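Printed here is entry_39.txt (compact mmCIF, C-alpha atoms):
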# COMPACT_ATOMS: atom_id res chain seq x y z
CA MET A 219 83.96 60.72 13.71
CA ARG A 220 83.71 57.49 11.78
CA PHE A 221 83.29 57.40 8.03
CA ARG A 222 81.68 54.87 5.79
CA ARG A 223 83.08 54.19 2.38
CA ILE A 224 80.74 53.47 -0.45
CA PRO A 225 81.72 52.64 -4.03
CA GLY A 226 81.16 55.47 -6.51
CA GLY A 227 82.17 54.66 -10.08
CA ASN A 228 85.83 55.45 -10.82
CA ARG A 229 86.46 56.90 -7.40
CA ASN A 230 85.58 56.19 -3.81
CA ARG A 231 83.47 58.68 -1.93
CA THR A 232 83.23 59.11 1.78
CA VAL A 233 80.02 59.99 3.58
CA SER A 234 79.95 61.27 7.13
CA ARG A 235 77.61 59.89 9.75
CA SER A 236 75.88 63.26 9.91
CA THR A 237 75.15 63.01 6.20
CA LEU A 238 73.72 59.54 6.72
CA VAL A 239 71.55 60.83 9.57
CA VAL A 240 70.29 63.68 7.42
CA THR A 241 69.58 61.26 4.59
CA ALA A 242 67.76 58.91 6.95
CA LEU A 243 65.68 61.77 8.31
CA PHE A 244 64.91 62.90 4.76
CA ASN A 245 63.79 59.39 3.85
CA LEU A 246 61.72 59.24 7.01
CA PHE A 247 60.15 62.57 6.08
CA LEU A 248 59.33 61.26 2.62
CA PHE A 249 57.83 58.11 4.14
CA THR A 250 55.75 60.15 6.53
CA ILE A 251 54.34 62.20 3.69
CA ALA A 252 53.62 59.13 1.62
CA SER A 253 51.88 57.30 4.45
CA GLY A 254 50.00 60.38 5.62
CA ALA A 255 47.54 60.37 2.75
CA GLU A 256 44.52 62.44 3.62
CA THR A 257 41.27 60.78 4.55
CA GLN A 258 38.28 62.05 2.59
CA HIS A 259 34.89 62.13 4.25
CA ASN A 260 31.48 62.18 2.62
CA ARG A 261 27.94 62.19 3.99
CA ASP A 262 25.08 61.16 1.72
CA PRO A 263 22.65 64.08 1.85
CA GLU A 264 19.59 61.84 1.53
CA THR A 265 20.44 58.98 3.86
CA GLY A 266 22.98 60.62 6.18
CA ILE A 267 25.20 57.57 5.71
CA GLU A 268 28.88 58.49 5.97
CA THR A 269 31.88 57.25 4.01
CA TRP A 270 35.60 57.63 4.70
CA GLU A 271 38.12 57.02 1.94
CA VAL A 272 41.86 57.20 1.47
CA LEU A 273 44.08 56.65 -1.57
CA ASP A 274 47.67 55.83 -0.72
CA ARG A 275 50.30 54.58 -3.19
CA GLY A 276 47.63 53.27 -5.52
CA VAL A 277 45.62 51.47 -2.84
CA ARG A 278 42.16 52.92 -2.27
CA LEU A 279 40.25 51.96 0.86
CA SER A 280 36.79 53.15 1.82
CA LEU A 281 34.50 52.42 4.74
CA THR A 282 30.78 53.18 4.46
CA GLN A 283 28.53 52.93 7.49
CA ILE A 284 26.02 50.10 7.60
CA LEU A 285 23.03 51.02 9.74
CA PRO A 286 21.88 48.40 12.24
CA ASP A 287 18.52 48.12 10.46
CA GLN A 288 20.28 47.40 7.19
CA ALA A 289 22.27 44.61 8.84
CA ARG A 290 19.11 43.22 10.44
CA ALA A 291 17.25 43.22 7.10
CA PHE A 292 20.16 41.57 5.32
CA TYR A 293 20.81 38.73 7.77
CA LEU A 294 17.19 37.97 8.65
CA ALA A 295 16.61 37.49 4.92
CA ARG A 296 19.58 35.08 4.75
CA GLY A 297 18.37 32.67 7.45
CA PHE A 298 19.77 34.22 10.63
CA ASP A 299 17.48 34.02 13.66
CA SER A 300 16.67 37.26 15.44
CA ASP A 301 19.11 36.67 18.32
CA ALA A 302 22.07 35.98 16.05
CA THR A 303 21.11 38.90 13.84
CA GLU A 304 21.11 41.18 16.85
CA VAL A 305 24.56 40.00 17.93
CA TYR A 306 25.99 41.10 14.61
CA ALA A 307 23.82 44.19 14.08
CA LYS A 308 24.83 45.70 17.40
CA ALA A 309 28.48 45.77 16.31
CA CYS A 310 29.90 48.80 14.51
CA LEU A 311 29.51 47.79 10.86
CA PHE A 312 31.00 49.08 7.64
CA GLN A 313 30.89 48.20 3.99
CA THR A 314 34.58 48.00 3.12
CA VAL A 315 35.95 48.46 -0.39
CA LEU A 316 39.61 48.00 -1.29
CA ARG A 317 40.86 48.61 -4.82
CA ASN A 318 44.23 48.10 -6.38
CA GLU A 319 44.77 51.15 -8.55
CA SER A 320 48.56 50.77 -8.47
CA GLY A 321 50.41 49.31 -11.41
CA GLY A 322 51.55 46.23 -9.51
CA VAL A 323 50.38 43.28 -7.47
CA ILE A 324 49.36 43.84 -3.84
CA ALA A 325 48.39 41.37 -1.12
CA PHE A 326 46.85 41.83 2.29
CA GLN A 327 45.78 39.86 5.34
CA LEU A 328 43.16 41.25 7.69
CA ALA A 329 45.09 39.69 10.58
CA ASP A 330 47.69 42.45 10.02
CA TRP A 331 45.15 45.28 10.27
CA ARG A 332 44.42 47.20 13.48
CA TYR A 333 41.83 49.70 14.60
CA LEU A 334 43.09 52.43 16.87
CA THR A 335 41.10 54.05 19.61
CA GLY A 336 42.22 55.73 22.82
CA ARG A 337 45.89 55.40 21.78
CA ARG A 338 45.57 51.62 21.73
CA ALA A 339 45.61 49.29 18.75
CA PHE A 340 43.26 46.33 18.52
CA ARG A 341 43.10 43.42 16.12
CA LEU A 342 39.92 42.90 14.13
CA LYS A 343 37.36 40.22 14.89
CA LEU A 344 37.73 38.03 11.83
CA GLU A 345 35.09 36.12 9.90
CA THR A 346 36.41 32.78 11.14
CA GLU A 347 35.83 33.90 14.74
CA TRP A 348 32.26 34.93 13.93
CA GLN A 349 31.70 31.50 12.42
CA TYR A 350 32.42 29.83 15.79
CA GLU A 351 29.60 31.92 17.20
CA TRP A 352 27.23 30.95 14.40
CA GLU A 353 28.10 27.26 14.73
CA ARG A 354 27.49 27.45 18.49
CA ARG A 355 24.07 28.90 17.73
CA ASN A 356 23.37 26.19 15.13
CA LEU A 357 22.67 28.64 12.34
CA PRO A 358 21.70 26.84 9.11
CA GLU A 359 24.44 26.27 6.55
CA PRO A 360 22.98 28.65 3.91
CA ALA A 361 23.06 31.44 6.50
CA ARG A 362 26.68 30.73 7.37
CA ILE A 363 27.64 30.53 3.69
CA ALA A 364 26.01 33.92 3.06
CA PHE A 365 27.79 35.36 6.08
CA ARG A 366 31.16 34.03 4.92
CA TRP A 367 30.93 35.57 1.47
CA ALA A 368 29.29 38.81 2.57
CA GLN A 369 32.32 39.62 4.75
CA PHE A 370 35.41 41.36 3.49
CA PRO A 371 37.97 38.66 2.51
CA LEU A 372 40.40 37.52 5.20
CA GLU A 373 43.23 37.67 2.71
CA GLN A 374 43.55 38.49 -0.94
CA THR A 375 45.99 39.11 -3.76
CA PHE A 376 45.02 41.83 -6.18
CA GLU A 377 46.33 42.27 -9.68
CA PRO A 378 46.02 45.81 -11.07
CA GLY A 379 42.33 46.69 -11.38
CA ASP A 380 41.15 44.07 -8.88
CA TRP A 381 38.96 45.02 -5.95
CA ASN A 382 36.70 43.58 -3.29
CA GLN A 383 33.83 44.75 -1.21
CA GLY A 384 32.51 43.24 2.00
CA MET A 385 31.28 43.85 5.51
CA MET A 386 33.53 44.35 8.51
CA ALA A 387 32.51 44.59 12.17
CA TYR A 388 34.22 46.47 15.00
CA PRO A 389 33.27 45.84 18.64
CA LEU A 390 32.69 49.52 19.36
CA PRO A 391 29.65 51.44 20.64
CA ARG A 392 27.38 53.59 18.48
CA GLY A 393 29.00 56.91 17.60
CA ALA A 394 32.51 55.76 18.59
CA ARG A 395 35.41 57.09 16.53
CA PHE A 396 38.50 55.16 15.48
CA ASP A 397 41.31 55.06 12.95
CA LEU A 398 41.88 51.99 10.81
CA ARG A 399 45.52 51.08 10.17
CA PHE A 400 45.56 48.88 7.08
CA LYS A 401 48.57 47.10 5.67
CA TRP A 402 49.46 45.54 2.37
CA ARG A 403 52.44 43.95 0.73
CA ALA A 404 53.88 44.99 -2.62
CA ASP A 405 57.27 44.32 -4.19
CA GLY A 406 58.28 42.32 -1.13
CA LYS A 407 57.72 45.27 1.21
CA MET A 408 55.03 45.96 3.77
CA PHE A 409 53.16 49.25 3.53
CA GLU A 410 50.66 50.78 5.89
CA SER A 411 48.29 53.68 5.91
CA ASP A 412 45.59 55.10 8.19
CA LEU A 413 41.96 55.82 7.53
CA LYS A 414 41.30 58.50 10.09
CA GLY A 415 38.32 59.58 12.13
CA VAL A 416 35.90 56.83 11.12
CA ARG A 417 32.67 56.95 13.14
CA CYS A 418 30.27 54.13 13.97
CA ALA A 419 26.69 54.64 12.77
CA GLU A 420 23.97 55.50 15.25
CA ASP A 421 20.97 53.16 15.59
CA ARG A 422 18.41 55.33 13.81
CA MET B 54 8.61 51.13 6.62
CA ARG B 55 11.55 53.05 8.02
CA LYS B 56 13.58 49.82 8.05
CA ILE B 57 12.82 49.16 4.42
CA ALA B 58 13.74 52.74 3.53
CA ASN B 59 17.05 52.39 5.38
CA PHE B 60 17.82 49.13 3.64
CA VAL B 61 17.01 50.51 0.20
CA ALA B 62 19.10 53.60 0.93
CA GLY B 63 21.99 51.43 1.98
CA VAL B 64 21.78 49.34 -1.13
CA LEU B 65 21.81 52.51 -3.20
CA VAL B 66 24.94 53.72 -1.40
CA ILE B 67 26.58 50.37 -1.96
CA PHE B 68 25.59 50.48 -5.64
CA SER B 69 27.12 53.92 -6.00
CA LEU B 70 30.37 52.45 -4.67
CA SER B 71 30.12 49.72 -7.28
CA ALA B 72 29.49 52.26 -10.01
CA ALA B 73 32.76 53.94 -9.16
CA ALA B 74 34.48 50.62 -9.70
CA ALA B 75 33.44 50.65 -13.32
CA GLU B 76 35.82 53.57 -13.78
CA THR B 77 38.81 51.50 -12.73
CA LYS B 78 40.90 49.34 -15.00
CA GLN B 79 38.85 46.85 -17.03
CA THR B 80 41.01 43.84 -17.79
CA PHE B 81 41.42 40.20 -17.01
CA SER B 82 44.71 39.48 -15.28
CA PRO B 83 46.78 36.80 -17.02
CA LEU B 84 47.89 34.02 -14.67
CA ALA B 85 51.59 33.24 -14.58
CA GLU B 86 50.93 29.53 -14.25
CA LYS B 87 48.25 28.16 -16.53
CA LEU B 88 46.98 25.23 -14.49
CA PRO B 89 44.19 22.86 -15.54
CA ALA B 90 40.84 23.96 -14.13
CA ARG B 91 39.40 21.84 -11.35
CA ASP B 92 36.49 19.89 -12.77
CA PHE B 93 32.98 20.13 -11.35
CA SER B 94 29.47 18.99 -12.07
CA LEU B 95 26.57 21.29 -11.18
CA LYS B 96 22.93 21.64 -12.12
CA ASP B 97 21.36 24.77 -13.53
CA MET B 98 17.97 26.19 -12.55
CA ASP B 99 16.25 23.75 -14.96
CA GLU B 100 18.01 20.76 -13.37
CA LYS B 101 20.28 20.33 -16.39
CA THR B 102 23.72 19.09 -15.39
CA TYR B 103 26.89 20.80 -16.60
CA GLN B 104 30.25 19.06 -16.37
CA LEU B 105 33.14 21.43 -16.87
CA ALA B 106 35.33 18.78 -18.54
CA ASP B 107 32.68 18.42 -21.28
CA LEU B 108 33.40 21.99 -22.40
CA ARG B 109 36.97 21.26 -23.47
CA GLY B 110 37.61 22.95 -26.83
CA LYS B 111 35.65 26.07 -25.85
CA VAL B 112 36.74 29.25 -24.15
CA VAL B 113 34.83 29.26 -20.85
CA LEU B 114 34.10 32.19 -18.56
CA ILE B 115 33.30 31.07 -15.01
CA ASN B 116 31.83 33.63 -12.64
CA PHE B 117 31.16 33.08 -8.93
CA TRP B 118 28.36 35.28 -7.64
CA ALA B 119 25.35 35.74 -5.32
CA THR B 120 22.18 37.83 -5.61
CA TRP B 121 23.00 39.77 -2.42
CA CYS B 122 26.45 40.80 -3.70
CA PRO B 123 26.13 44.32 -5.19
CA PRO B 124 29.03 44.17 -7.69
CA CYS B 125 27.81 40.72 -8.79
CA ARG B 126 24.36 42.12 -9.49
CA LYS B 127 25.78 45.02 -11.39
CA GLU B 128 28.01 43.03 -13.72
CA LEU B 129 25.48 40.37 -14.78
CA PRO B 130 23.84 42.42 -17.59
CA SER B 131 27.25 43.08 -19.14
CA MET B 132 27.94 39.34 -18.95
CA GLU B 133 24.74 38.72 -20.90
CA ARG B 134 25.76 41.27 -23.55
CA LEU B 135 29.13 39.53 -23.83
CA TRP B 136 27.40 36.14 -24.13
CA GLN B 137 25.22 37.45 -26.95
CA GLN B 138 28.22 39.03 -28.67
CA PHE B 139 30.02 35.64 -28.80
CA SER B 140 26.92 33.51 -29.26
CA LYS B 141 28.12 32.03 -32.56
CA GLU B 142 31.59 31.16 -31.30
CA ASP B 143 33.14 28.41 -29.17
CA PHE B 144 32.39 30.34 -26.04
CA MET B 145 30.54 29.44 -22.85
CA VAL B 146 29.55 31.40 -19.76
CA LEU B 147 28.85 29.58 -16.50
CA ALA B 148 27.61 31.80 -13.68
CA ILE B 149 27.93 29.81 -10.47
CA ASN B 150 25.61 31.06 -7.77
CA VAL B 151 26.78 30.46 -4.22
CA GLY B 152 24.39 29.09 -1.61
CA GLU B 153 21.01 30.24 -2.94
CA ASP B 154 17.99 28.41 -4.30
CA ALA B 155 16.48 28.66 -7.79
CA ASP B 156 13.47 30.69 -6.62
CA THR B 157 15.67 33.37 -5.06
CA ILE B 158 17.85 33.57 -8.15
CA PHE B 159 14.92 33.64 -10.54
CA ALA B 160 13.24 36.44 -8.59
CA PHE B 161 16.38 38.51 -9.06
CA THR B 162 17.33 37.67 -12.64
CA GLY B 163 13.79 38.51 -13.77
CA THR B 164 14.49 42.11 -12.84
CA LEU B 165 17.59 42.38 -15.04
CA GLU B 166 17.71 43.96 -18.46
CA PRO B 167 18.93 42.09 -20.39
CA ALA B 168 18.00 39.00 -18.35
CA PRO B 169 20.70 36.31 -18.31
CA SER B 170 20.25 33.57 -20.92
CA PHE B 171 23.54 31.79 -20.12
CA PRO B 172 23.54 28.86 -17.66
CA ILE B 173 23.28 29.78 -14.00
CA LEU B 174 24.57 26.88 -11.92
CA LEU B 175 23.65 26.18 -8.31
CA ASP B 176 26.48 25.59 -5.85
CA ARG B 177 24.16 25.23 -2.85
CA ASP B 178 26.76 24.02 -0.34
CA SER B 179 29.58 26.18 -1.83
CA ALA B 180 31.69 23.04 -2.36
CA VAL B 181 32.82 24.13 -5.85
CA LEU B 182 33.55 27.63 -4.64
CA LYS B 183 35.74 26.27 -1.86
CA ALA B 184 37.60 24.04 -4.31
CA TRP B 185 38.50 26.99 -6.50
CA PRO B 186 40.94 29.77 -5.48
CA VAL B 187 38.27 32.31 -4.61
CA ARG B 188 38.57 34.71 -1.66
CA GLY B 189 35.77 37.14 -2.38
CA LEU B 190 32.76 37.67 -4.64
CA PRO B 191 32.54 38.23 -7.50
CA THR B 192 35.53 36.38 -8.93
CA THR B 193 35.77 35.41 -12.58
CA PHE B 194 38.05 32.96 -14.33
CA VAL B 195 38.60 32.41 -18.03
CA LEU B 196 39.62 29.00 -19.37
CA ASP B 197 41.31 28.46 -22.71
CA ARG B 198 40.33 25.72 -25.16
CA GLU B 199 42.64 23.30 -23.35
CA GLY B 200 40.75 23.77 -20.11
CA ARG B 201 43.51 25.77 -18.45
CA VAL B 202 42.78 28.78 -16.27
CA VAL B 203 44.46 31.66 -18.09
CA TYR B 204 42.76 34.81 -16.76
CA ARG B 205 41.30 35.97 -13.46
CA ALA B 206 39.33 39.05 -12.44
CA VAL B 207 38.59 39.84 -8.79
CA GLY B 208 35.75 42.30 -8.24
CA GLY B 209 33.11 43.56 -10.63
CA ARG B 210 33.79 44.20 -14.31
CA GLU B 211 31.94 45.47 -17.34
CA PHE B 212 32.33 42.32 -19.39
CA ASP B 213 31.53 43.92 -22.73
CA ASN B 214 34.28 46.48 -22.23
CA PRO B 215 36.44 46.52 -25.41
CA GLU B 216 39.61 45.54 -23.53
CA LEU B 217 38.00 42.46 -22.02
CA VAL B 218 36.36 41.54 -25.31
CA ALA B 219 39.73 41.79 -27.06
CA GLN B 220 41.33 39.46 -24.50
CA LEU B 221 38.61 36.87 -25.05
CA ARG B 222 38.78 37.23 -28.81
CA GLY B 223 42.50 36.55 -28.61
CA LEU B 224 41.79 33.24 -26.85
CA LEU B 225 39.07 32.31 -29.33
CA GLN B 226 41.43 32.87 -32.23
CA ASN B 227 43.88 30.32 -30.80
CA ARG B 228 42.94 27.04 -32.41
CA ARG B 229 44.32 23.76 -31.10
Please rewrite the model in this file as structure tokens.
Amino acid sequence: MRFRRIPGGNRNRTVSRSTLVVTALFNLFLFTIASGAETQHNRDPETGIETWEVLDRGVRLSLTQILPDQARAFYLARGFDSDATEVYAKACLFQTVLRNESGGVIAFQLADWRYLTGRRAFRLKLETEWQYEWERRNLPEPARIAFRWAQFPLEQTFEPGDWNQGMMAYPLPRGARFDLRFKWRADGKMFESDLKGVRCAEDR
Amino acid sequence: MRKIANFVAGVLVIFSLSAAAAETKQTFSPLAEKLPARDFSLKDMDEKTYQLADLRGKVVLINFWATWCPPCRKELPSMERLWQQFSKEDFMVLAINVGEDADTIFAFTGTLEPAPSFPILLDRDSAVLKAWPVRGLPTTFVLDREGRVVYRAVGGREFDNPELVAQLRGLLQNRR
């Protein structure tokens, strides 16, 4: 059995590999608990609109269903034509809110986030990719500006107390369930957490 | 009718999310590097032109917003209360609307209580927004008397919150 020496004040201590393994497992256990924050679910009794929320290490993320009719009303009023509106409204849409309730600075990039369904992880369709579609369809500039700023930011740095809200679209059918694995950086480390059991709104 | 009801319901849900935000920390975040603000020239709803550089010597609060942005809508009345609170001081509020026309903005601001009396500037092509370090709406910056960006707030705030007021008062007390 090999031993590793580590400095320990006035004397040297030796730690066996088994101790290191136990310590590593303990740390892993702690990490699992910390990253396994429970997802809260709420259904508005009047509208039936559902929200999923998780608070993990001071980062609070919530997804609230956007009904297809809500998306249609919003984008038609912002200069989208009916075809383009339908392209977006038929996606699985959520109002996303991320808040920094930790005591430090956090940063995120949506390119790091994944949605999980059927044991597979998929990257999100980002706002810049949607914009190619809108340019191809020759949507007027005011419509594209509104779209840009109505979406959840592609990347952001939050000081304590900062937060953002915006739309996000997932290419999933009505009623589909998925988990969202979101990541953020703080103190030079990457953290991740899952929002579990999110369900796409039905077209009511 | 059902569509309208759904939309209104959704807006209400979104507003309830925004209301929860008011319970979170209410401060401006000090910026580590106090860089000079990027100058701009924009017209307000009465066609009056505002040049940022002309406001040197005042503490300036710059807010980027849109009428369809729920936290933006929610924080505007508190911005008006703040504006009235500092009305006799070297303080200016510029609310820069992104991408909308004066009619749309006026239809919305007329519903607010108190209605905004500070300048609302029109950034129709979002050129100013793109030139500033903004990733999401609303975002607010505070400039000191030297025209440097010293504070930032991302997301909605209650601008007449005592903590925010104290931070602004601190800047106003700094004379050149």
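Atom pair atom CA of Pro169 of chain B / atom CA of Met132 of chain B has a distance of 7.9 Å (rounded to one decimal).
The residue that comes closest to chain A, out of B:Phe161, B:Tyr103, B:Trp121, B:Phe139 and on the basis of all atoms listed in the file, is B:Trp121.
Taking only C-alpha atoms into account, the polymer residues that have an atom no farther than 9 Å from (47.9, 48.0, -8.7) are Arg275, Gly276, Val277, Arg317, Asn318, Glu319, Ser320, Gly321, Gly322, Val323, Ile324, Phe376, Glu377, Pro378, Gly379 and Asp380 of chain A.
Going from atom CA of Trp381 of chain A over to atom CA of Arg261 of chain A, you cover 22.7 Å.
Proximity ranking of B:Val146, B:Ile158, B:Ala106, B:Val195 relative to Thr80 of chain B places B:Val195 first, based on all atoms listed in the file.
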Q: Fewer than 3 positions away in the same chain doesn't count, so skip those; otherwise give me all residues within 10 Å of Glu345 of chain A, counting only C-alpha atoms, as a VMD selection string.
A: chain A and resid 328 342 348 to 350 365 to 372 385 to 387
Q: Skip Pro191 of chain B itself and residues of its chain fewer than 6 positions away, then list as a PyMOL selection string all residues within 7 Å of it, counting all atoms listed in the file.
A: chain B and resi 116-118+124-125+207-209
Q) Which residue gives the smallest distance to chain A among B:Gln220, B:Ser94, B:Gln137, B:Thr192, with only C-alpha atoms counted? A) B:Thr192
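Minimum atom-to-atom distance to chain A, evaluated using only C-alpha atoms, belongs to B:Gln79 out of B:Gln79, B:Gln104, B:Thr162, B:Asn227.
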Q. Excluding same-chain residues fewer than 2 positions from Gln283 of chain A, what lies within 8 Å of it counting only C-alpha atoms, as a VMD selection string?
A. chain A and resid 267 to 269 281 285 311 to 313 418 to 419
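Interatomic distance, atom CA of Arg362 of chain A against atom CA of Ala168 of chain B: 28.4 Å.
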Q. Restricting the calculation to only C-alpha atoms, which member of B:Leu135, B:Ala206, B:Leu217, B:Ala160 is positioned closest to chain A?
A. B:Ala206
Q.
Given the point (38.0, 61.3, 1.8) in the coordinates of this file, which residues lie within 12 Å, counting all atoms listed in the file, and how would they look as a PyMOL selection string?
A. chain A and resi 255-261+268-274+278-282+412-416
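Of the residues under consideration (A:Lys343, A:Arg290, A:Arg403, A:Arg332), A:Arg290 shows the shortest atom-to-atom contact distance to chain B when counting all atoms listed in the file.
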